[in-house]
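Enquirer: A single structure is presented below for examination.
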Amino acid sequence: MRTQVGIIGAGPAGLMLAHLLAREKIESVVLEVRSREYVQERVRAGVLEQGTVDLMRAAGVGARLAHEGLLHRGIELRFARGRHRIDLSELTDGAAITIYGQNEVIKDLTDARVATGQPIFFECATVSVHGFDAEQPTIRFAHGGTEHELRCDYIAGCDGFHGVCRSSIPASALTLYERVYPFAWLGILAAVAPSSEELIYSHHERGFALHSMRSPKLTRLYLQCAPDEKLEAWPDVRIWEELDRRFEIDGGWSLKRGPITHKGITEMRSFVAEPMQYGRLFLAGDAAHIVPPTGAKGLNLAIADVRVLARALAEYYRSGERAMLEEYSRICLRRVWKVQRFSWWMTAMLHRFDEHNAFDARRQMAELDYLTSSRAAAQSLAENYVGLPIQW
Ligand SMILES: Cc1cc2nc3c(=O)[nH]c(=O)nc-3n(C[C@H](O)[C@H](O)[C@H](O)COP(=O)(O)OP(=O)(O)OC[C@H]3O[C@@H](n4cnc5c(N)ncnc54)[C@H](O)[C@@H]3O)c2cc1C
C-alpha cells in the first residue's frame with residue numbers, strides 16, 4: 001500500500017488533517033486502533049474556540065455545528081458566594097465560543113472522510129512506524145487479521161498521549177516538559193437541561209466545580225477530586241450534594257438533577273514534547289502536548305496544529321518547497337506555550353491546593369476579584385478563552 005501522508009489516530013487531529021488534505025487533493029490513509037462506534041461515543045471535550053468553528057465552516061464540515069452548536073458569548077465565575085459574568089464577545093470585538101461535543105465533531109469529520117472514498121481503517125492492531133528519519137517512512141499494522149505495510153512520504157502522529165508515534169522518536173531527540181497536578185476531575189454527563197445558559201467556573205474552599213453542557217438536554221458537570229479518587233466512592237447522591245455545595249451563592253440558585261449517563265475521572269497534566277517533528281514524522285494534538293482541561297483547550301490545540309500541518313504539506317505538494325514543513329514545530333509551539341500558560345493559570349487560580357496556606361488563599365481571592373473588577377484583566381482572559389490566533 002502506498003499513500004502521500006499516513007495518519008495515525010482518528011481523533012480530532014487525525015480526522016481534521018485528513019479532511020484538510022483531501023480538500024487540497026493530497027492522498028492520505030487514516031489508521032485507528034479503536035472501532036468507529038467507540039471513537040464516536042467517547043465523552044470528552046465540548047468547547048470550540050472561534051477559530052475552530054470558523055475552520056469547520058470554511059472546510060465544509062460546519063453544517064450540523066451551525067444548527068446544533070450552542071453559541072456562548074460569556075462565562076460565569078463564582079467565588080465567595082457571589083457570581084460574576086465575563087462578557088467574552090464584548091471584550092473581544094464579537095468573538096464567542098460554541099458548545100458542541102467532541103463526539104459530534106468526530107461524527108462530522110468521519111462522515112466527511114468516508115464521503116471522500118479515501119481509506120480509513122478502524123480496529124487496527126500492532127501499529128508501528130519505521131524509516132521516518134530517511135526518505136521513505138513506512139507504517140506497519142494489522143487489520144482484519146492481515147499484516148500490512150503502508151509506504152508514505154510523511155507520517156502524521158495524531159495518536160494521542162499514549163500513542164506509538166512520540167515514543168518511537170529517539171528519546172535523545174526530544175525534550176519533555178511536564179507538570180502533574182495534585183488533583184483530578186470527576187466528570188459526569190447528566191440527562192437534564194443545563195441549569196445555566198453559560199458555563200460556570202466555581203472556586204470553592206471544598207474544591208473547584210464546573211457547570212458545562214453538551215446540548216439543551218445534556219449537562220456536563222465536573223468536581224475537583226483527589227488524583228487517586230475511586231468512582232465507587234461517588235454514588236450519584238454524593239455527587240449531586242457536593243455539586244450543590246460548590247455552586248452555592250447568596251440569594252439562592254439550584255442545580256437541576258437528572259439521570260447520570262456517564263462518569264469518569266480525568267487526570268490533570270501539563271505536558272509538551274519539543275520539537276513536534278523528527279525527520280518525516282510530525283506530532284500533532286495530544287501526541288505532542290497535554291493541557292489541564294480548565295481552559296477547554298485540548299481539542300482546539302489539536303485542530304490548530306493540523307491547520308498548520310495541512311498548510312505546510314499543501315505548500316510542499318504544490319511547489320516542492322519544504323520551508324514551511326521545517327517551520328511546523330516552531331509555529332505550533334509558539335501558540336502551544338501560550339495556551340499552556342493560560343491553562344495552567346486558570347487551573348492555579350480556580351482549584352484548591354492542599355499545600356496552600358492562608359496567604360495563598362487570600363492571593364487566589366484577590367486574583368479573582370481583580371479579574372472581575374478590571375476590564376484589562378477580564379479582556380486578557382477573554383482573548384485567551386475564545387482562542388489566540390495562529391502566528392504563521
Ligand atoms: C479521558 C479524556 C477526557 C477529556 N476530557 C476533556 C474535557 O472534558 N474537556 C476538554 O476540554 N478536554 C478534554 N480532553 C482533552 C481533549 O479531548 C483532547 O485534547 C483531544 O481529544 C485531542 O485530540 P487528538 O486528536 O490529539 O487526540 P485523541 O482524541 O486522543 O485521538 C487520538 C486517537 O489515536 C488513537 N490511537 C492511539 N494509539 C494508536 C495507535 N497506536 N494506532 C492507531 N491509533 C491510535 C486513539 O484511539 C484516538 O482515537 C480529554 C481527554 C481525555 C483523554
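Identifiers for the C-alpha cells are assigned positionally: chains receive A, B, ... in sequence, residues are indexed from 1 per chain, and ligands are indexed from 1 in the order shown.
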Each residue of chain A with at least one atom at most 7 Å from ligand 1 should appear once, together with its nearest atom pair and the corresponding distance in Å (one decimal); atoms considered: only C-alpha atoms and all ligand atoms; ordering: chain, then increasing residue number; output as a Markdown table.

Expert:
| residue | atom | partner | partner_atom_place_in_ligand_line | distance |
| --- | --- | --- | --- | --- |
| A:Ile8 | CA | ligand 1 | 43 (C) | 4.9 |
| A:Gly9 | CA | ligand 1 | 34 (O) | 3.3 |
| A:Ala10 | CA | ligand 1 | 49 (O) | 4.7 |
| A:Gly11 | CA | ligand 1 | 31 (O) | 3.4 |
| A:Pro12 | CA | ligand 1 | 25 (O) | 4.0 |
| A:Ala13 | CA | ligand 1 | 25 (O) | 3.7 |
| A:Gly14 | CA | ligand 1 | 25 (O) | 5.7 |
| A:Leu31 | CA | ligand 1 | 43 (C) | 5.2 |
| A:Glu32 | CA | ligand 1 | 44 (N) | 3.7 |
| A:Val33 | CA | ligand 1 | 44 (N) | 4.4 |
| A:Arg34 | CA | ligand 1 | 47 (O) | 5.2 |
| A:Val39 | CA | ligand 1 | 49 (O) | 5.7 |
| A:Val43 | CA | ligand 1 | 3 (C) | 6.9 |
| A:Arg44 | CA | ligand 1 | 5 (N) | 3.8 |
| A:Ala45 | CA | ligand 1 | 9 (N) | 3.5 |
| A:Gly46 | CA | ligand 1 | 9 (N) | 6.2 |
| A:Val47 | CA | ligand 1 | 11 (O) | 6.4 |
| A:Gln102 | CA | ligand 1 | 17 (O) | 6.9 |
| A:Cys124 | CA | ligand 1 | 43 (C) | 6.6 |
| A:Val127 | CA | ligand 1 | 41 (N) | 5.1 |
| A:Cys158 | CA | ligand 1 | 26 (O) | 5.5 |
| A:Asp159 | CA | ligand 1 | 34 (O) | 3.3 |
| A:Gly160 | CA | ligand 1 | 30 (O) | 3.8 |
| A:Phe161 | CA | ligand 1 | 30 (O) | 6.4 |
| A:His162 | CA | ligand 1 | 38 (N) | 6.1 |
| A:Gly163 | CA | ligand 1 | 38 (N) | 3.7 |
| A:Val164 | CA | ligand 1 | 41 (N) | 4.8 |
| A:Thr266 | CA | ligand 1 | 1 (C) | 5.6 |
| A:Ala284 | CA | ligand 1 | 26 (O) | 6.1 |
| A:Gly285 | CA | ligand 1 | 26 (O) | 3.3 |
| A:Asp286 | CA | ligand 1 | 26 (O) | 3.9 |
| A:Ala287 | CA | ligand 1 | 26 (O) | 5.9 |
| A:Ile290 | CA | ligand 1 | 19 (O) | 6.5 |
| A:Pro293 | CA | ligand 1 | 11 (O) | 4.6 |
| A:Gly295 | CA | ligand 1 | 11 (O) | 6.9 |
| A:Ala296 | CA | ligand 1 | 11 (O) | 3.6 |
| A:Lys297 | CA | ligand 1 | 11 (O) | 5.3 |
| A:Gly298 | CA | ligand 1 | 19 (O) | 3.1 |
| A:Leu299 | CA | ligand 1 | 20 (C) | 4.1 |
| A:Ala302 | CA | ligand 1 | 26 (O) | 4.9 |

Enquirer: From range 52-273 of chain A, collect each residue whose DSSP state is helix (DSSP H, G or I) and return the set as a ChimeraX atom specification.

Expert: /A:52-58,63-68,88-91,102-116,165-168,171-173,231-233,236-247

Enquirer: Just N, CA and C atoms for this one: save the residues we selected as a short mmCIF file (atom, residue, chain, number, x, y, z; two decimals), in the first residue's frame.

Expert:
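Output file selection.cif follows:
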data_model
loop_
_atom_site.label_atom_id
_atom_site.label_comp_id
_atom_site.auth_asym_id
_atom_site.auth_seq_id
_atom_site.Cartn_x
_atom_site.Cartn_y
_atom_site.Cartn_z
N THR A 52 -11.73 27.41 15.74
CA THR A 52 -12.11 26.04 15.40
C THR A 52 -13.42 26.02 14.64
N VAL A 53 -14.38 26.83 15.12
CA VAL A 53 -15.68 26.93 14.45
C VAL A 53 -15.51 27.50 13.04
N ASP A 54 -14.72 28.56 12.93
CA ASP A 54 -14.51 29.19 11.61
C ASP A 54 -13.89 28.19 10.65
N LEU A 55 -12.93 27.38 11.15
CA LEU A 55 -12.27 26.41 10.28
C LEU A 55 -13.25 25.33 9.83
N MET A 56 -14.07 24.84 10.78
CA MET A 56 -15.04 23.80 10.40
C MET A 56 -16.01 24.31 9.34
N ARG A 57 -16.43 25.55 9.48
CA ARG A 57 -17.35 26.12 8.47
C ARG A 57 -16.64 26.26 7.14
N ALA A 58 -15.43 26.85 7.16
CA ALA A 58 -14.70 27.11 5.91
C ALA A 58 -14.35 25.80 5.20
N ALA A 63 -22.01 22.30 8.91
CA ALA A 63 -23.47 22.44 8.73
C ALA A 63 -24.22 22.07 10.01
N ARG A 64 -23.92 20.90 10.58
CA ARG A 64 -24.64 20.47 11.78
C ARG A 64 -24.26 21.35 12.97
N LEU A 65 -22.98 21.72 13.00
CA LEU A 65 -22.49 22.62 14.05
C LEU A 65 -23.29 23.93 14.05
N ALA A 66 -23.59 24.46 12.84
CA ALA A 66 -24.33 25.72 12.74
C ALA A 66 -25.74 25.56 13.31
N HIS A 67 -26.36 24.38 13.16
CA HIS A 67 -27.72 24.17 13.66
C HIS A 67 -27.74 23.78 15.13
N GLU A 68 -26.80 22.90 15.50
CA GLU A 68 -26.90 22.28 16.83
C GLU A 68 -25.94 22.87 17.86
N LEU A 88 -17.46 37.65 27.04
CA LEU A 88 -16.38 37.32 26.09
C LEU A 88 -16.49 38.14 24.82
N SER A 89 -17.70 38.25 24.28
CA SER A 89 -17.86 38.92 22.99
C SER A 89 -17.59 40.41 23.09
N GLU A 90 -18.09 41.02 24.16
CA GLU A 90 -17.89 42.46 24.30
C GLU A 90 -16.40 42.79 24.47
N LEU A 91 -15.66 41.87 25.08
CA LEU A 91 -14.24 42.11 25.36
C LEU A 91 -13.33 41.72 24.19
N GLN A 102 -17.20 16.95 21.46
CA GLN A 102 -16.11 16.38 20.65
C GLN A 102 -16.60 15.19 19.84
N ASN A 103 -17.51 14.40 20.42
CA ASN A 103 -18.02 13.22 19.68
C ASN A 103 -18.83 13.66 18.46
N GLU A 104 -19.46 14.84 18.52
CA GLU A 104 -20.18 15.35 17.35
C GLU A 104 -19.18 15.81 16.28
N VAL A 105 -18.10 16.45 16.73
CA VAL A 105 -17.04 16.84 15.78
C VAL A 105 -16.51 15.59 15.08
N ILE A 106 -16.30 14.55 15.86
CA ILE A 106 -15.76 13.29 15.31
C ILE A 106 -16.74 12.69 14.30
N LYS A 107 -18.03 12.72 14.63
CA LYS A 107 -19.03 12.16 13.69
C LYS A 107 -18.98 12.93 12.37
N ASP A 108 -18.97 14.26 12.45
CA ASP A 108 -18.98 15.08 11.23
C ASP A 108 -17.73 14.82 10.39
N LEU A 109 -16.58 14.73 11.06
CA LEU A 109 -15.33 14.53 10.31
C LEU A 109 -15.23 13.11 9.75
N THR A 110 -15.75 12.13 10.50
CA THR A 110 -15.72 10.75 9.99
C THR A 110 -16.62 10.63 8.77
N ASP A 111 -17.82 11.22 8.85
CA ASP A 111 -18.73 11.19 7.70
C ASP A 111 -18.06 11.84 6.49
N ALA A 112 -17.39 12.97 6.73
CA ALA A 112 -16.73 13.68 5.61
C ALA A 112 -15.62 12.81 5.03
N ARG A 113 -14.90 12.11 5.89
CA ARG A 113 -13.82 11.23 5.41
C ARG A 113 -14.38 10.10 4.55
N VAL A 114 -15.41 9.46 5.08
CA VAL A 114 -16.00 8.33 4.36
C VAL A 114 -16.51 8.80 3.00
N ALA A 115 -17.07 10.03 2.95
CA ALA A 115 -17.61 10.56 1.70
C ALA A 115 -16.53 10.77 0.64
N THR A 116 -15.28 11.00 1.05
CA THR A 116 -14.21 11.20 0.06
C THR A 116 -13.82 9.88 -0.61
N CYS A 165 3.60 7.05 18.26
CA CYS A 165 4.48 7.91 17.46
C CYS A 165 5.53 8.63 18.30
N ARG A 166 5.08 9.33 19.36
CA ARG A 166 6.07 10.08 20.14
C ARG A 166 7.11 9.14 20.74
N SER A 167 6.67 7.97 21.20
CA SER A 167 7.62 7.06 21.85
C SER A 167 8.52 6.36 20.84
N SER A 168 8.25 6.51 19.52
CA SER A 168 9.13 5.92 18.51
C SER A 168 10.28 6.87 18.14
N ALA A 171 14.68 9.08 22.30
CA ALA A 171 14.49 9.93 23.48
C ALA A 171 15.44 11.12 23.47
N SER A 172 16.65 10.91 22.92
CA SER A 172 17.66 11.98 22.93
C SER A 172 17.26 13.14 22.01
N ALA A 173 16.29 12.91 21.11
CA ALA A 173 15.90 13.96 20.16
C ALA A 173 14.77 14.83 20.69
N LEU A 231 -14.15 5.93 41.57
CA LEU A 231 -15.54 6.25 41.20
C LEU A 231 -16.55 5.60 42.14
N GLU A 232 -16.19 4.39 42.66
CA GLU A 232 -17.11 3.67 43.55
C GLU A 232 -17.43 4.49 44.80
N ALA A 233 -16.49 5.41 45.15
CA ALA A 233 -16.70 6.21 46.36
C ALA A 233 -17.70 7.34 46.11
N ASP A 236 -24.28 8.49 43.04
CA ASP A 236 -24.88 9.69 42.43
C ASP A 236 -25.27 10.75 43.46
N VAL A 237 -25.86 10.30 44.55
CA VAL A 237 -26.37 11.28 45.53
C VAL A 237 -25.22 12.11 46.12
N ARG A 238 -24.08 11.48 46.33
CA ARG A 238 -22.92 12.22 46.87
C ARG A 238 -22.44 13.26 45.85
N ILE A 239 -22.45 12.89 44.59
CA ILE A 239 -22.02 13.83 43.55
C ILE A 239 -22.93 15.07 43.54
N TRP A 240 -24.25 14.83 43.54
CA TRP A 240 -25.18 15.97 43.48
C TRP A 240 -25.04 16.86 44.71
N GLU A 241 -24.89 16.24 45.89
CA GLU A 241 -24.78 17.05 47.12
C GLU A 241 -23.51 17.90 47.09
N GLU A 242 -22.43 17.30 46.61
CA GLU A 242 -21.17 18.05 46.57
C GLU A 242 -21.24 19.19 45.55
N LEU A 243 -21.88 18.91 44.42
CA LEU A 243 -22.05 19.98 43.41
C LEU A 243 -22.88 21.11 43.99
N ASP A 244 -23.97 20.78 44.68
CA ASP A 244 -24.82 21.82 45.29
C ASP A 244 -24.00 22.72 46.20
N ARG A 245 -23.15 22.11 47.01
CA ARG A 245 -22.34 22.91 47.94
C ARG A 245 -21.41 23.85 47.19
N ARG A 246 -20.77 23.31 46.15
CA ARG A 246 -19.73 24.12 45.49
C ARG A 246 -20.30 25.22 44.58
N PHE A 247 -21.57 25.10 44.19
CA PHE A 247 -22.17 26.15 43.35
C PHE A 247 -23.02 27.13 44.15
#

Enquirer: Which distance in Å separates CA of Arg322 in chain A and CA of Ile139 in chain A, to one decimal?

Expert: 21.9 Å

Enquirer: I need the residue nearest Val306 in chain A from this list: A:Ser343, A:Glu229, A:Leu70, A:Ser329. Use only C-alpha atoms for the distance.

Expert: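 Closest to Val306 in chain A of all the choices is A:Ser329.
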
Enquirer: Find the residues around His211 in chain A up to 6 Å (only C-alpha atoms counted), leave out those fewer than 2 positions away in its own chain, and share them as a CSV table (one decimal) with C-alpha atoms, in the first residue's frame.

Expert:
chain,number,residue,atom,x,y,z
A,199,LEU,CA,-20.6,27.8,31.7
A,200,ILE,CA,-20.0,28.4,35.4
A,221,LEU,CA,-20.5,18.7,35.4

Enquirer: Can you pull out every residue within 12 Å of Ala95 in chain A, counting only C-alpha atoms, but drop anything in the same chain fewer than 4 positions away, and send it as a list in words?

Expert: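 Once the nearby chain positions are removed, what remains is Leu48, Glu49, Gln50, Gly51, Thr52, Val53, Asp54, Leu71, His72, Arg73, Gly74, Asp87, Leu88, Ser89, Glu90, Leu91, Gln379, Ala382, Glu383, Asn384, Tyr385, Val386, Gly387, Leu388 and Pro389 of chain A.
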
Enquirer: Excluding Arg311 in chain A and any residue of its chain fewer than 6 positions from it, enumerate the residues within 12 Å of it, using only C-alpha atoms, and give them as a list in words.

Expert: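 In the requested form, the answer reads Leu17, Leu20, Leu21, Ala22, Arg23, Glu24, Ile26, Ala304, Asp305, Tyr317, Arg318, Glu321, Arg322, Ala323, Met324, Leu325, Glu327, Tyr328, Ile331 and Trp392 of chain A.
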
Enquirer: Generate the output file for the selected residues, C-alpha atoms, as an mmCIF file, in the first residue's frame.

Expert:
data_model
loop_
_atom_site.group_PDB
_atom_site.id
_atom_site.type_symbol
_atom_site.label_atom_id
_atom_site.label_comp_id
_atom_site.auth_asym_id
_atom_site.auth_seq_id
_atom_site.Cartn_x
_atom_site.Cartn_y
_atom_site.Cartn_z
ATOM 1 C CA LEU A 17 -5.889 16.688 8.981
ATOM 2 C CA LEU A 20 -7.951 19.390 5.068
ATOM 3 C CA LEU A 21 -5.545 17.312 2.966
ATOM 4 C CA ALA A 22 -8.381 15.822 0.901
ATOM 5 C CA ARG A 23 -9.531 19.365 0.090
ATOM 6 C CA GLU A 24 -6.016 20.015 -1.251
ATOM 7 C CA ILE A 26 -3.477 15.189 -1.131
ATOM 8 C CA ALA A 304 -4.754 24.408 15.378
ATOM 9 C CA ASP A 305 -1.741 22.075 14.952
ATOM 10 C CA TYR A 317 2.959 19.197 -2.713
ATOM 11 C CA ARG A 318 2.203 22.355 -4.701
ATOM 12 C CA GLU A 321 9.126 23.720 -1.049
ATOM 13 C CA ARG A 322 9.822 22.275 2.434
ATOM 14 C CA ALA A 323 10.409 25.584 4.243
ATOM 15 C CA MET A 324 7.040 25.632 5.978
ATOM 16 C CA LEU A 325 7.234 21.955 6.945
ATOM 17 C CA GLU A 327 8.808 25.642 10.451
ATOM 18 C CA TYR A 328 5.885 23.452 11.617
ATOM 19 C CA ILE A 331 4.895 27.857 14.540
ATOM 20 C CA TRP A 392 2.370 31.970 10.993
#

Enquirer: At a cut-off of 7 Å, using only C-alpha atoms, what residues contact Pro292 in chain A? Leave out same-chain residues fewer than 5 positions from it and give the result as an mmCIF file with N, CA and C atoms, in the first residue's frame.

Expert:
data_model
loop_
_atom_site.group_PDB
_atom_site.id
_atom_site.type_symbol
_atom_site.label_atom_id
_atom_site.label_comp_id
_atom_site.auth_asym_id
_atom_site.auth_seq_id
_atom_site.Cartn_x
_atom_site.Cartn_y
_atom_site.Cartn_z
ATOM 1 N N MET A 268 -5.023 15.456 35.650
ATOM 2 C CA MET A 268 -4.687 16.830 35.255
ATOM 3 C C MET A 268 -3.182 16.930 35.042
ATOM 4 N N ARG A 269 -2.812 17.318 33.821
ATOM 5 C CA ARG A 269 -1.405 17.316 33.467
ATOM 6 C C ARG A 269 -1.129 18.427 32.459
ATOM 7 N N SER A 270 0.047 19.024 32.583
ATOM 8 C CA SER A 270 0.554 19.911 31.527
ATOM 9 C C SER A 270 1.776 19.189 30.957
ATOM 10 N N SER A 343 -3.830 27.736 30.391
ATOM 11 C CA SER A 343 -4.480 26.580 31.042
ATOM 12 C C SER A 343 -3.940 26.396 32.458
#
